[in-house]
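Engineer: Below you'll find target-v3.txt; it's compact mmCIF, C-alpha atoms.
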```
# COMPACT_ATOMS: atom_id res chain seq x y z
CA MET I 4 -0.24 17.49 -18.98
CA HIS I 5 3.20 17.29 -17.51
CA ASP I 6 5.98 19.38 -18.94
CA LEU I 7 8.01 16.77 -20.82
CA ASN I 8 10.58 19.24 -22.15
CA SER I 9 11.24 20.61 -18.71
CA ASP I 10 11.56 17.10 -17.22
CA PHE I 11 13.89 16.07 -20.03
CA LYS I 12 16.14 19.08 -19.47
CA LEU I 13 16.24 18.58 -15.72
CA ILE I 14 17.08 14.88 -16.02
CA LYS I 15 19.78 15.58 -18.58
CA SER I 16 21.25 18.29 -16.41
CA PHE I 17 21.18 16.02 -13.33
CA VAL I 18 22.84 13.17 -15.23
CA ASN I 19 25.55 15.65 -16.24
CA GLY I 20 26.26 16.36 -12.58
CA ASP I 21 23.97 19.25 -11.63
CA GLU I 22 22.55 18.23 -8.24
CA SER I 23 20.23 21.23 -8.10
CA SER I 24 18.30 19.79 -11.06
CA PHE I 25 17.38 16.80 -8.93
CA ASN I 26 16.14 19.13 -6.21
CA ARG I 27 13.93 20.89 -8.75
CA LEU I 28 12.45 17.57 -9.90
CA ALA I 29 11.86 16.57 -6.29
CA VAL I 30 10.12 19.87 -5.57
CA LYS I 31 7.95 19.42 -8.65
CA TYR I 32 6.74 15.91 -7.77
CA ARG I 33 7.00 15.74 -3.96
CA GLU I 34 3.35 16.54 -3.22
CA ARG I 35 2.01 13.99 -5.68
CA ILE I 36 4.31 11.32 -4.28
CA TYR I 37 3.29 12.21 -0.75
CA TRP I 38 -0.45 12.12 -1.36
CA HIS I 39 -0.45 8.82 -3.17
CA ALA I 40 1.62 7.29 -0.38
CA ARG I 41 -0.57 8.86 2.28
CA ARG I 42 -3.80 7.58 0.74
CA MET I 43 -2.32 4.11 0.53
CA THR I 44 -0.92 4.04 4.07
CA GLY I 45 -3.42 6.28 5.85
CA ASN I 46 -0.93 8.28 7.89
CA HIS I 47 1.74 10.93 7.64
CA VAL I 48 4.61 9.01 9.21
CA ASP I 49 4.47 6.16 6.72
CA ALA I 50 3.82 8.50 3.79
CA ASP I 51 6.86 10.57 4.73
CA GLU I 52 9.02 7.46 4.84
CA ILE I 53 7.78 6.41 1.39
CA VAL I 54 8.48 9.87 -0.05
CA GLN I 55 12.09 9.52 1.08
CA GLU I 56 12.35 6.02 -0.35
CA VAL I 57 10.94 7.13 -3.69
CA LEU I 58 13.31 10.09 -3.89
CA MET I 59 16.22 7.75 -3.19
CA VAL I 60 15.10 5.40 -5.97
CA LEU I 61 14.73 8.34 -8.36
CA TYR I 62 18.15 9.63 -7.45
CA ASN I 63 19.76 6.27 -8.08
CA LYS I 64 17.81 5.27 -11.19
CA LEU I 65 17.13 8.50 -13.00
CA LYS I 66 20.15 7.88 -15.19
CA THR I 67 18.44 4.80 -16.60
CA PHE I 68 15.13 6.51 -17.34
CA GLU I 69 14.45 6.12 -21.07
CA PHE I 70 11.33 8.27 -21.57
CA LYS I 71 9.25 5.29 -22.69
CA SER I 72 6.53 6.75 -20.48
CA SER I 73 6.19 10.20 -18.95
CA LEU I 74 8.36 10.87 -15.90
CA TYR I 75 5.18 11.31 -13.87
CA THR I 76 3.91 7.83 -14.83
CA TRP I 77 7.29 6.36 -13.90
CA ILE I 78 7.36 8.16 -10.55
CA TYR I 79 3.75 7.21 -9.91
CA THR I 80 4.52 3.54 -10.59
CA ILE I 81 7.53 3.62 -8.26
CA THR I 82 5.47 5.34 -5.57
CA ASN I 83 2.70 2.80 -5.85
CA THR I 84 5.08 -0.16 -5.74
CA ARG I 85 6.94 1.31 -2.78
CA SER I 86 3.69 1.98 -0.94
CA ILE I 87 2.50 -1.59 -1.37
CA ASN I 88 5.91 -2.96 -0.37
CA TYR I 89 5.86 -0.69 2.65
CA LEU I 90 2.47 -2.04 3.71
CA LYS I 91 3.75 -5.60 3.35
CA LYS I 92 6.84 -4.69 5.32
CA LYS I 93 4.66 -3.21 8.03
CA ARG I 94 2.60 -6.39 8.17
CA LEU I 95 5.76 -8.41 8.51
CA ARG I 96 6.96 -6.14 11.31
CA ASN I 97 3.60 -6.58 13.04
CA PHE I 98 4.02 -10.31 12.59
CA PHE I 99 7.14 -10.17 14.75
CA SER I 100 5.78 -7.40 17.00
CA LEU I 101 8.51 -5.02 15.89
CA ASP I 102 6.30 -2.07 15.01
CA ASP I 103 6.40 -0.34 18.37
CA ILE I 104 10.17 -0.39 18.34
CA THR I 105 10.57 0.99 14.85
CA ASN I 106 7.88 3.65 15.15
CA LYS I 107 9.09 5.21 18.37
CA LYS I 108 11.64 7.36 16.60
CA PHE I 109 8.96 9.16 14.55
CA GLU I 110 6.53 11.83 15.56
CA GLN I 111 3.24 12.74 13.94
CA LYS I 112 3.40 16.12 12.20
CA ASP I 113 0.72 18.52 11.08
CA VAL I 114 1.08 18.80 7.35
CA ILE I 115 -2.37 20.27 6.60
CA ASP I 116 -2.92 23.79 7.88
CA ASN I 117 -6.69 24.02 7.39
CA LEU I 118 -8.59 22.29 10.22
CA GLU I 119 -11.77 21.64 8.24
CA LEU I 120 -9.82 20.07 5.40
CA LYS I 121 -7.83 18.04 7.85
CA GLN I 122 -11.03 16.51 9.23
CA LYS I 123 -12.22 15.68 5.75
CA VAL I 124 -8.90 14.04 4.92
CA GLU I 125 -9.12 11.98 8.09
CA LYS I 126 -12.66 10.91 7.21
CA ILE I 127 -11.74 9.65 3.74
CA GLU I 128 -8.46 8.17 5.01
CA SER I 129 -10.29 6.23 7.65
CA ALA I 130 -12.65 4.80 5.03
CA LEU I 131 -9.78 3.94 2.67
CA GLN I 132 -7.91 2.06 5.37
CA LYS I 133 -10.88 -0.24 5.84
CA LEU I 134 -10.47 -1.51 2.28
CA PRO I 135 -8.18 -4.39 1.30
CA VAL I 136 -5.00 -3.04 -0.33
CA LYS I 137 -5.87 -4.19 -3.86
CA GLN I 138 -9.23 -2.38 -3.67
CA ARG I 139 -7.68 0.70 -2.10
CA GLU I 140 -5.04 0.87 -4.80
CA VAL I 141 -7.49 0.96 -7.71
CA PHE I 142 -9.88 3.27 -5.86
CA VAL I 143 -7.15 5.84 -5.20
CA MET I 144 -5.86 5.72 -8.76
CA ARG I 145 -9.31 5.96 -10.27
CA ASN I 146 -10.96 8.50 -7.98
CA PHE I 147 -8.14 10.68 -6.72
CA ASP I 148 -5.78 10.60 -9.65
CA GLU I 149 -8.50 10.13 -12.28
CA LEU I 150 -6.58 7.48 -14.18
CA SER I 151 -8.34 5.37 -16.80
CA TYR I 152 -8.58 1.62 -16.29
CA GLU I 153 -6.07 1.21 -19.14
CA GLU I 154 -3.56 3.43 -17.33
CA ILE I 155 -4.14 1.62 -14.04
CA ALA I 156 -3.67 -1.73 -15.79
CA HIS I 157 -0.38 -0.47 -17.23
CA ILE I 158 0.86 0.67 -13.82
CA THR I 159 -0.27 -2.33 -11.78
CA GLY I 160 0.04 -5.10 -14.36
CA LYS I 161 -3.49 -6.29 -13.55
CA SER I 162 -6.27 -7.00 -16.03
CA ILE I 163 -8.97 -4.39 -16.60
CA GLY I 164 -11.66 -6.88 -15.55
CA THR I 165 -9.94 -7.47 -12.21
CA LEU I 166 -9.49 -3.75 -11.67
CA LYS I 167 -13.14 -3.00 -12.41
CA ALA I 168 -14.29 -5.73 -10.03
CA ASN I 169 -12.02 -4.42 -7.26
CA HIS I 170 -13.14 -0.87 -7.88
CA PHE I 171 -16.80 -1.88 -7.83
CA HIS I 172 -16.43 -3.45 -4.38
CA ALA I 173 -14.32 -0.56 -3.09
CA LEU I 174 -16.77 2.06 -4.29
CA ASN I 175 -19.77 0.35 -2.73
CA LYS I 176 -18.01 -0.01 0.60
CA ILE I 177 -16.74 3.57 0.68
CA LYS I 178 -20.10 5.01 -0.35
CA GLU I 179 -21.70 3.26 2.60
CA MET I 180 -18.99 4.38 5.01
CA VAL I 181 -19.21 8.01 3.92
CA LYS I 182 -23.01 7.90 3.92
CA TYR I 183 -23.35 6.84 7.55
CA ASP I 184 -20.30 8.59 8.92
CA LYS I 185 -21.55 12.16 9.32
CA MET Z 21 -25.63 -5.98 -10.02
CA ILE Z 22 -25.16 -3.23 -12.58
CA ASN Z 23 -22.03 -1.11 -12.34
CA ASN Z 24 -23.09 2.47 -13.00
CA GLU Z 25 -19.85 4.00 -11.79
CA GLU Z 26 -18.43 4.58 -15.25
CA LYS Z 27 -21.55 6.50 -16.26
CA PHE Z 28 -21.47 8.59 -13.09
CA PHE Z 29 -17.76 9.23 -13.48
CA SER Z 30 -18.08 10.30 -17.14
CA TYR Z 31 -21.09 12.50 -16.40
CA LEU Z 32 -19.49 14.35 -13.48
CA LYS Z 33 -16.14 14.74 -15.23
CA GLY Z 34 -17.83 16.13 -18.36
CA LYS Z 35 -16.68 13.21 -20.51
CA MET Z 36 -20.10 12.45 -22.07
CA ASN Z 37 -21.15 13.86 -25.41
CA PRO Z 38 -24.47 15.78 -25.49
CA VAL Z 39 -26.49 12.73 -26.62
CA GLU Z 40 -25.08 10.48 -23.89
CA ARG Z 41 -25.63 13.22 -21.36
CA LYS Z 42 -29.27 13.63 -22.32
CA GLU Z 43 -29.84 9.87 -22.22
CA PHE Z 44 -28.30 9.65 -18.77
CA GLU Z 45 -30.39 12.54 -17.43
CA ASP Z 46 -33.56 10.93 -18.80
CA GLU Z 47 -32.59 7.67 -17.15
CA LEU Z 48 -32.13 9.49 -13.85
CA LYS Z 49 -35.64 10.92 -14.11
CA ARG Z 50 -37.11 7.49 -14.76
CA SER Z 51 -35.33 5.50 -12.06
CA GLU Z 52 -35.54 6.38 -8.40
CA ASN Z 53 -32.92 3.77 -7.53
CA LEU Z 54 -30.46 5.17 -10.02
CA ASN Z 55 -31.16 8.64 -8.68
CA GLN Z 56 -30.39 7.51 -5.14
CA GLU Z 57 -27.24 5.73 -6.26
CA PHE Z 58 -26.12 8.83 -8.12
CA SER Z 59 -26.73 11.03 -5.04
CA ASP Z 60 -24.51 8.75 -2.93
CA TYR Z 61 -21.85 8.81 -5.61
CA LYS Z 62 -21.97 12.62 -5.83
CA ARG Z 63 -21.58 12.92 -2.05
CA LEU Z 64 -18.47 10.76 -2.14
CA SER Z 65 -17.18 12.48 -5.25
CA ARG Z 66 -17.52 15.88 -3.57
CA LEU Z 67 -15.54 14.71 -0.55
CA ILE Z 68 -12.82 13.35 -2.82
CA ASP Z 69 -12.69 16.55 -4.89
CA GLU Z 70 -12.35 18.63 -1.73
CA THR Z 71 -9.44 16.57 -0.46
CA LYS Z 72 -7.55 15.71 -3.61
CA ASN Z 73 -5.60 18.91 -4.21
CA ILE Z 74 -4.58 19.92 -0.72
CA ARG Z 75 -1.26 21.72 -0.46
CA LEU Z 76 1.12 20.47 2.16
CA SER Z 77 2.25 22.94 4.79
CA LYS Z 78 5.24 25.01 3.69
CA ASP Z 79 7.40 23.76 6.56
CA TYR Z 80 6.87 20.13 5.72
CA SER Z 81 7.25 20.60 1.96
CA GLU Z 82 10.59 22.28 2.45
CA SER Z 83 11.77 19.66 4.91
CA ILE Z 84 11.32 16.87 2.34
CA ILE Z 85 14.34 17.88 0.27
CA THR Z 86 16.43 18.76 3.33
CA ASP Z 87 15.65 15.40 4.88
CA PHE Z 88 16.45 13.61 1.64
CA ARG Z 89 19.85 15.31 1.36
CA ARG Z 90 20.61 14.47 4.99
CA ARG Z 91 19.71 10.80 4.47
CA LYS Z 92 21.61 10.70 1.21
CA GLY Z 93 24.69 11.98 2.99
CA SER Z 94 24.52 9.36 5.74
CA LYS Z 95 23.49 6.44 3.51
CA GLY Z 96 26.99 5.05 3.20
CA LEU Z 97 27.31 4.67 6.96
CA ASN Z 98 24.40 2.24 7.23
CA LYS Z 99 25.22 -0.25 4.53
CA LYS Z 100 23.73 -3.67 5.31
CA SER Z 101 25.18 -7.07 4.66
CA PRO Z 102 22.97 -8.53 1.89
CA THR Z 103 24.05 -12.09 2.68
CA ILE Z 104 22.84 -11.92 6.28
CA LYS Z 105 19.58 -10.28 5.25
CA TYR Z 106 18.85 -12.93 2.62
CA ALA Z 107 19.65 -15.69 5.06
CA PHE Z 108 17.26 -14.38 7.69
CA ALA Z 109 14.57 -13.52 5.19
CA SER Z 110 14.73 -17.13 4.02
CA ILE Z 111 14.57 -18.51 7.55
CA ILE Z 112 11.58 -16.37 8.39
CA ILE Z 113 9.72 -17.40 5.24
CA ILE Z 114 10.44 -21.08 5.89
CA ILE Z 115 9.29 -20.93 9.51
CA ILE Z 116 6.08 -19.09 8.76
CA GLY Z 117 5.32 -21.08 5.64
CA TYR Z 118 6.05 -24.45 7.23
CA PHE Z 119 3.93 -23.64 10.23
CA LEU Z 120 0.94 -22.53 8.21
CA ILE Z 121 1.06 -25.27 5.61
CA SER Z 122 1.60 -28.04 8.13
CA GLN Z 123 -1.65 -27.12 9.87
CA LYS Z 124 -3.65 -29.02 7.25
CA ASN Z 125 -1.11 -30.48 4.84
CA ILE Z 126 -1.96 -27.71 2.46
CA GLU Z 127 -0.18 -28.22 -0.82
CA ASN Z 128 -0.97 -24.90 -2.35
CA PRO Z 129 -0.37 -21.69 -0.34
CA GLN Z 130 -3.28 -20.11 -2.22
CA ASP Z 131 -5.57 -22.44 -0.26
CA VAL Z 132 -4.46 -21.05 3.09
CA ASN Z 133 -6.82 -18.11 2.99
CA LEU Z 134 -9.77 -20.27 2.10
CA LEU Z 135 -9.00 -22.79 4.79
CA LEU Z 136 -8.46 -20.28 7.56
CA THR Z 137 -11.64 -18.39 6.86
CA GLN Z 138 -13.47 -21.50 8.06
CA TYR Z 139 -12.22 -20.94 11.62
CA SER Z 140 -13.42 -18.44 14.15
CA ASP Z 141 -10.75 -16.44 16.00
CA SER Z 142 -10.96 -18.62 19.11
CA GLU Z 143 -10.92 -21.87 17.10
CA LEU Z 144 -7.87 -20.68 15.24
CA ASP Z 145 -6.00 -19.82 18.44
CA SER Z 146 -6.92 -23.16 19.91
CA TYR Z 147 -5.93 -25.04 16.76
CA ILE Z 148 -2.53 -23.42 16.57
CA ASN Z 149 -1.75 -24.03 20.22
CA ASP Z 150 -2.91 -27.67 20.18
CA TYR Z 151 -1.23 -28.60 16.92
CA ASP Z 152 -0.13 -32.26 16.59
CA TYR Z 153 3.43 -32.60 15.29
CA SER Z 154 3.18 -36.25 14.25
CA ASN Z 155 3.73 -35.51 10.57
CA THR Z 156 6.86 -33.43 11.00
CA THR Z 157 9.28 -36.29 10.27
CA GLU Z 158 8.35 -35.96 6.62
CA MET Z 159 9.92 -32.53 6.67
CA ASN Z 160 13.17 -33.80 8.29
CA ILE Z 161 12.71 -31.38 11.17
CA GLY Z 162 12.92 -32.71 14.73
CA ASN Z 163 9.95 -32.44 17.07
CA ASP Z 164 11.98 -30.53 19.63
CA ALA Z 165 12.94 -27.90 17.14
CA ILE Z 166 9.37 -27.55 15.93
CA GLN Z 167 8.06 -27.21 19.47
CA ARG Z 168 10.61 -24.52 20.23
CA ILE Z 169 9.60 -22.67 17.09
CA ASP Z 170 5.98 -22.98 18.06
CA SER Z 171 6.52 -21.74 21.60
CA LEU Z 172 8.28 -18.67 20.25
CA TYR Z 173 5.85 -17.82 17.48
CA SER Z 174 2.45 -19.20 18.41
CA GLU Z 175 1.28 -15.97 19.98
CA ASN Z 176 2.55 -13.78 17.19
CA ILE Z 177 1.34 -16.11 14.51
CA SER Z 178 -2.15 -16.55 15.84
CA ALA Z 179 -2.60 -12.79 16.21
CA SER Z 180 -1.18 -12.15 12.77
CA LEU Z 181 -3.19 -14.91 11.14
CA ILE Z 182 -6.39 -13.49 12.47
CA GLU Z 183 -5.42 -10.06 11.23
CA SER Z 184 -4.41 -11.45 7.86
CA ILE Z 185 -7.66 -13.30 7.48
CA LYS Z 186 -9.53 -10.10 8.15
CA GLU Z 187 -7.50 -8.43 5.43
CA GLU Z 188 -7.76 -11.44 3.08
CA SER Z 189 -4.04 -11.16 2.59
CA LEU Z 190 -2.40 -14.19 4.13
CA THR Z 191 -1.02 -15.35 0.81
CA ASP Z 192 1.01 -12.16 0.67
CA ILE Z 193 2.92 -13.37 3.71
CA VAL Z 194 3.22 -16.98 2.56
CA ASN Z 195 4.64 -16.21 -0.86
CA PHE Z 196 7.59 -18.52 -1.32
CA ASN Z 197 8.69 -16.79 -4.49
CA SER Z 198 9.34 -13.49 -2.81
CA VAL Z 199 12.38 -14.02 -0.64
CA ALA Z 200 14.11 -11.21 -2.48
CA ASP Z 201 11.18 -8.90 -1.75
CA VAL Z 202 11.17 -9.82 1.92
CA ASP Z 203 14.76 -8.72 2.03
CA GLU Z 204 13.48 -5.23 1.37
CA TYR Z 205 10.90 -5.44 4.14
CA LEU Z 206 13.44 -5.83 6.94
CA SER Z 207 15.76 -3.22 8.26
CA GLU Z 208 19.05 -4.21 9.81
CA ILE Z 209 17.67 -3.47 13.29
CA GLU Z 210 14.66 -5.70 12.67
CA VAL Z 211 16.83 -8.54 11.40
CA ASP Z 212 19.02 -8.23 14.48
CA LEU Z 213 15.99 -8.35 16.78
CA ILE Z 214 14.59 -11.45 15.12
CA TYR Z 215 18.02 -13.05 15.18
CA ALA Z 216 18.32 -12.29 18.89
CA GLN Z 217 14.92 -13.86 19.56
CA LEU Z 218 15.88 -16.99 17.65
CA ILE Z 219 19.21 -17.33 19.45
CA ASN Z 220 17.68 -16.71 22.87
CA LYS Z 221 15.18 -19.47 22.28
CA GLU Z 222 17.92 -21.80 21.01
CA ILE Z 223 16.29 -22.31 17.68
CA LEU Z 224 19.49 -21.65 15.78
```
Just give me the structure as structure tokens.

Structural biologist:
Amino acid sequence: MHDLNSDFKLIKSFVNGDESSFNRLAVKYRERIYWHARRMTGNHVDADEIVQEVLMVLYNKLKTFEFKSSLYTWIYTITNTRSINYLKKKRLRNFFSLDDITNKKFEQKDVIDNLELKQKVEKIESALQKLPVKQREVFVMRNFDELSYEEIAHITGKSIGTLKANHFHALNKIKEMVKYDK
Amino acid sequence: MINNEEKFFSYLKGKMNPVERKEFEDELKRSENLNQEFSDYKRLSRLIDETKNIRLSKDYSESIITDFRRRKGSKGLNKKSPTIKYAFASIIIIIIGYFLISQKNIENPQDVNLLLTQYSDSELDSYINDYDYSNTTEMNIGNDAIQRIDSLYSENISASLIESIKEESLTDIVNFNSVADVDEYLSEIEVDLIYAQLINKEIL
């Protein structure tokens, strides 16, 4: 359960001009934004870029947030949309062979200290990246974030039947990949 | 095929009541296939559980806010011209869309995926490079212009088409209703580079 009162106070304080309140919100949600973006994109560089984009959207739109859903759901929805847009953008850049140019300015960073965990993350990331985006999206939401199909439908705007079908295919593929990849 | 995932998920997450739990455990004892399926699911579930709550390194976590504040401060210096971006986004969509649809007089972009899956990689390359432009007058575009477009993009397009087919996502690229979205996909540098390519090849 996310602390609604705390979020409400921080947003109100930020809207009234206290910049440090935004920093506190960013600190609170940064890891969740990062991990969703990372599972969707499969690498740190892209995930980092999405984190920055999401924070910029939050900064600019927080004033319009009406608490119709929890702040976390709102941030999660923005992160998911931004991740999918980013993947489309990347495909478009590949289409015009621009990726090498735009990626040269970034360097890969170590963001996981534990080596064993890092290998496990790479294993699951590699499997996730072999899924089509629509299957990856529902798999990540269902299995990593433990969202119900109703919540996923609310976030993605897709029907529950479609989501279940996509998840079914994703699960079967990933199970096989993890099974044979030692 | 039966989808047992919801049962597995509820069982492992403790979301079954005692009666459902007992029924599921009895079912597991009776069916070897279900048992095997459940073992595979548990293996995957364990891997996910181990990797889902990893803390980011302290250095990186702290750099997120610093980086955001730095970018926020310099945002005003990199303001793009929305008009130019929309114009080039539109041109790119038209070129890609026209090229793909004209391959087979496809009326509905949704059919592109289906059609292209019928070709092997080599057939697709060959088809794109040998394309007959006889029907281009219907589009009010001159043959010379089309051939120049083709010479510039045939390599990129064939490679990208093949990749898109593998990802079953070609319709994402050929979505004529998303010019505004495409605007977000291109940075100013990327727009400039595409513009330079188009000018160099005398397309514009």

Engineer: Could you pull the residues within 8 Å of Leu28 (chain I), counting only C-alpha atoms, minus those fewer than 3 positions along the same chain, as a compact mmCIF listing (two decimals) with C-alpha atoms, in the coordinates of the input?

Structural biologist:
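Contents of the output file around-v5.txt:
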```txt
# COMPACT_ATOMS: atom_id res chain seq x y z
CA ASP I 10 11.56 17.10 -17.22
CA LEU I 13 16.24 18.58 -15.72
CA SER I 24 18.30 19.79 -11.06
CA PHE I 25 17.38 16.80 -8.93
CA LYS I 31 7.95 19.42 -8.65
CA TYR I 32 6.74 15.91 -7.77
```

Engineer: Do me a favour and pick out the residues of chain I within 7 Å of chain Z, using all atoms listed in the file, as a list in words.

Structural biologist: Asn26, Gln55, Lys92, Phe98, Phe99, Leu101, Val114, Ile115, Asp116, Leu120, Lys123, Val124, Pro135, Phe147, Phe171, Lys178 and Val181 of chain I

Engineer: Write the residues of the selection above to a file with C-alpha atoms, as a PDB file, in the coordinates of the input.

Structural biologist:
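Output file part_38.pdb follows:
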```
ATOM      1  CA  ASN I  26      16.140  19.130  -6.210  1.00  0.00           C
ATOM      2  CA  GLN I  55      12.090   9.520   1.080  1.00  0.00           C
ATOM      3  CA  LYS I  92       6.840  -4.690   5.320  1.00  0.00           C
ATOM      4  CA  PHE I  98       4.020 -10.310  12.590  1.00  0.00           C
ATOM      5  CA  PHE I  99       7.140 -10.170  14.750  1.00  0.00           C
ATOM      6  CA  LEU I 101       8.510  -5.020  15.890  1.00  0.00           C
ATOM      7  CA  VAL I 114       1.080  18.800   7.350  1.00  0.00           C
ATOM      8  CA  ILE I 115      -2.370  20.270   6.600  1.00  0.00           C
ATOM      9  CA  ASP I 116      -2.920  23.790   7.880  1.00  0.00           C
ATOM     10  CA  LEU I 120      -9.820  20.070   5.400  1.00  0.00           C
ATOM     11  CA  LYS I 123     -12.220  15.680   5.750  1.00  0.00           C
ATOM     12  CA  VAL I 124      -8.900  14.040   4.920  1.00  0.00           C
ATOM     13  CA  PRO I 135      -8.180  -4.390   1.300  1.00  0.00           C
ATOM     14  CA  PHE I 147      -8.140  10.680  -6.720  1.00  0.00           C
ATOM     15  CA  PHE I 171     -16.800  -1.880  -7.830  1.00  0.00           C
ATOM     16  CA  LYS I 178     -20.100   5.010  -0.350  1.00  0.00           C
ATOM     17  CA  VAL I 181     -19.210   8.010   3.920  1.00  0.00           C
TER      18      VAL I 181
END
```

Engineer: Which residues, written as a list of chain:residue names, have at least one atom at most 10 Å from region 37-43 of chain Z, with all atoms listed in the file counted and residues fewer than 6 positions away on the same chain left out?

Structural biologist: Z:Lys27, Z:Ser30, Z:Tyr31

Engineer: Provide the CA of Lys176 (chain I) to CA of Leu131 (chain I) distance in Å, to one decimal place.

Structural biologist: 9.4 Å

Engineer: Counting all atoms listed in the file, which residue out of I:Ile127, I:Val136, I:Leu166, I:Ile87 sits closest to Arg66 (chain Z)?

Structural biologist: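 Using all atoms listed in the file, Arg66 (chain Z) sits closest to I:Ile127.
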